[in-house]
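Undergrad: Before I ask anything, here is the structure I am working with.
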Amino acid sequence: MKHLSDLSFLPYMVSILGCLAIMITVDYFLGARAEHLNAWQIINRFLGIETGLEDCLTLRHLGVWGATALMLGINTILGAIIVGCFKSCSVSLYL
């Protein structure tokens, strides 16, 4: 029987979701000052919720689907880098 710790994609998913959560939280507190890629605004627009802020640069140029794909792509790359750093440092965190 496989345990969750045996799945090789689990560390990547955790780090990707962690990066996304941090990005959304920071952009929430920055508000309109996050002009280029505002993850809070992108998530709200994707869900159909109006934030009252002017659209960020990414939303204006790529639209909701393109901005969402870019945001998820960036967080996927950052999550993979974090897992790679932990694996290369041989930190024993069940990775």
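Letters A, B, ... mark the chains of the structure tokens in the order given; residue numbers begin at 1 per chain; ligand numbers begin at 1, in order shown.
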Using DSSP secondary structure from the backbone, list all helix (DSSP H, G or I) positions within chain A, as a PyMOL selection string.

TA: chain A and resi 4-6+10-33+39-47+57-88

Undergrad: Go ahead and save the picked residues with C-alpha atoms, as an mmCIF file, in the first residue's frame.

TA:
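So the final result, stored in again.cif, reads:
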```cif
data_model
loop_
_atom_site.group_PDB
_atom_site.id
_atom_site.type_symbol
_atom_site.label_atom_id
_atom_site.label_comp_id
_atom_site.auth_asym_id
_atom_site.auth_seq_id
_atom_site.Cartn_x
_atom_site.Cartn_y
_atom_site.Cartn_z
ATOM 1 C CA LEU A 4 1.247 9.815 0.775
ATOM 2 C CA SER A 5 4.933 10.267 1.572
ATOM 3 C CA ASP A 6 5.783 7.745 -1.159
ATOM 4 C CA LEU A 10 3.501 15.599 -3.249
ATOM 5 C CA PRO A 11 6.491 17.807 -2.305
ATOM 6 C CA TYR A 12 6.079 19.692 -5.563
ATOM 7 C CA MET A 13 2.363 20.259 -5.017
ATOM 8 C CA VAL A 14 2.940 21.463 -1.457
ATOM 9 C CA SER A 15 5.660 23.895 -2.518
ATOM 10 C CA ILE A 16 3.630 25.172 -5.498
ATOM 11 C CA LEU A 17 0.578 25.797 -3.315
ATOM 12 C CA GLY A 18 2.797 27.399 -0.662
ATOM 13 C CA CYS A 19 4.314 29.775 -3.230
ATOM 14 C CA LEU A 20 0.859 30.614 -4.554
ATOM 15 C CA ALA A 21 -0.484 31.279 -1.047
ATOM 16 C CA ILE A 22 2.436 33.566 -0.243
ATOM 17 C CA MET A 23 2.036 35.416 -3.549
ATOM 18 C CA ILE A 24 -1.700 35.944 -3.022
ATOM 19 C CA THR A 25 -1.202 37.108 0.579
ATOM 20 C CA VAL A 26 1.525 39.598 -0.350
ATOM 21 C CA ASP A 27 -0.530 40.971 -3.244
ATOM 22 C CA TYR A 28 -3.569 41.295 -0.985
ATOM 23 C CA PHE A 29 -1.609 43.526 1.380
ATOM 24 C CA LEU A 30 0.052 45.467 -1.460
ATOM 25 C CA GLY A 31 -3.276 46.196 -3.130
ATOM 26 C CA ALA A 32 -2.964 48.581 -6.067
ATOM 27 C CA ARG A 33 0.809 48.873 -5.617
ATOM 28 C CA ALA A 39 -2.284 37.403 -7.858
ATOM 29 C CA TRP A 40 -5.050 38.538 -5.507
ATOM 30 C CA GLN A 41 -6.726 40.473 -8.283
ATOM 31 C CA ILE A 42 -6.262 37.647 -10.816
ATOM 32 C CA ILE A 43 -7.834 35.054 -8.503
ATOM 33 C CA ASN A 44 -10.777 37.345 -7.758
ATOM 34 C CA ARG A 45 -11.324 38.121 -11.445
ATOM 35 C CA PHE A 46 -11.090 34.402 -12.247
ATOM 36 C CA LEU A 47 -13.812 33.727 -9.664
ATOM 37 C CA LEU A 57 -0.709 44.963 -16.380
ATOM 38 C CA THR A 58 -0.909 41.193 -16.813
ATOM 39 C CA LEU A 59 -4.720 41.207 -16.841
ATOM 40 C CA ARG A 60 -4.802 44.004 -19.403
ATOM 41 C CA HIS A 61 -2.386 42.277 -21.779
ATOM 42 C CA LEU A 62 -3.191 38.569 -21.329
ATOM 43 C CA GLY A 63 -6.759 38.499 -20.051
ATOM 44 C CA VAL A 64 -8.022 36.402 -17.156
ATOM 45 C CA TRP A 65 -7.039 32.991 -18.562
ATOM 46 C CA GLY A 66 -3.583 34.122 -19.689
ATOM 47 C CA ALA A 67 -2.844 35.877 -16.406
ATOM 48 C CA THR A 68 -3.972 32.802 -14.460
ATOM 49 C CA ALA A 69 -1.766 30.533 -16.582
ATOM 50 C CA LEU A 70 1.221 32.867 -16.143
ATOM 51 C CA MET A 71 0.691 33.079 -12.382
ATOM 52 C CA LEU A 72 0.429 29.285 -12.043
ATOM 53 C CA GLY A 73 3.456 28.807 -14.312
ATOM 54 C CA ILE A 74 5.600 31.156 -12.244
ATOM 55 C CA ASN A 75 4.557 29.444 -9.006
ATOM 56 C CA THR A 76 5.226 26.011 -10.529
ATOM 57 C CA ILE A 77 8.759 27.048 -11.457
ATOM 58 C CA LEU A 78 9.381 28.579 -8.015
ATOM 59 C CA GLY A 79 7.979 25.478 -6.289
ATOM 60 C CA ALA A 80 10.214 23.187 -8.344
ATOM 61 C CA ILE A 81 13.242 25.338 -7.502
ATOM 62 C CA ILE A 82 12.431 25.139 -3.777
ATOM 63 C CA VAL A 83 12.078 21.341 -3.872
ATOM 64 C CA GLY A 84 15.274 21.088 -5.929
ATOM 65 C CA CYS A 85 17.157 23.192 -3.386
ATOM 66 C CA PHE A 86 15.965 20.998 -0.521
ATOM 67 C CA LYS A 87 16.904 17.841 -2.413
ATOM 68 C CA SER A 88 20.344 19.135 -3.388
#
```
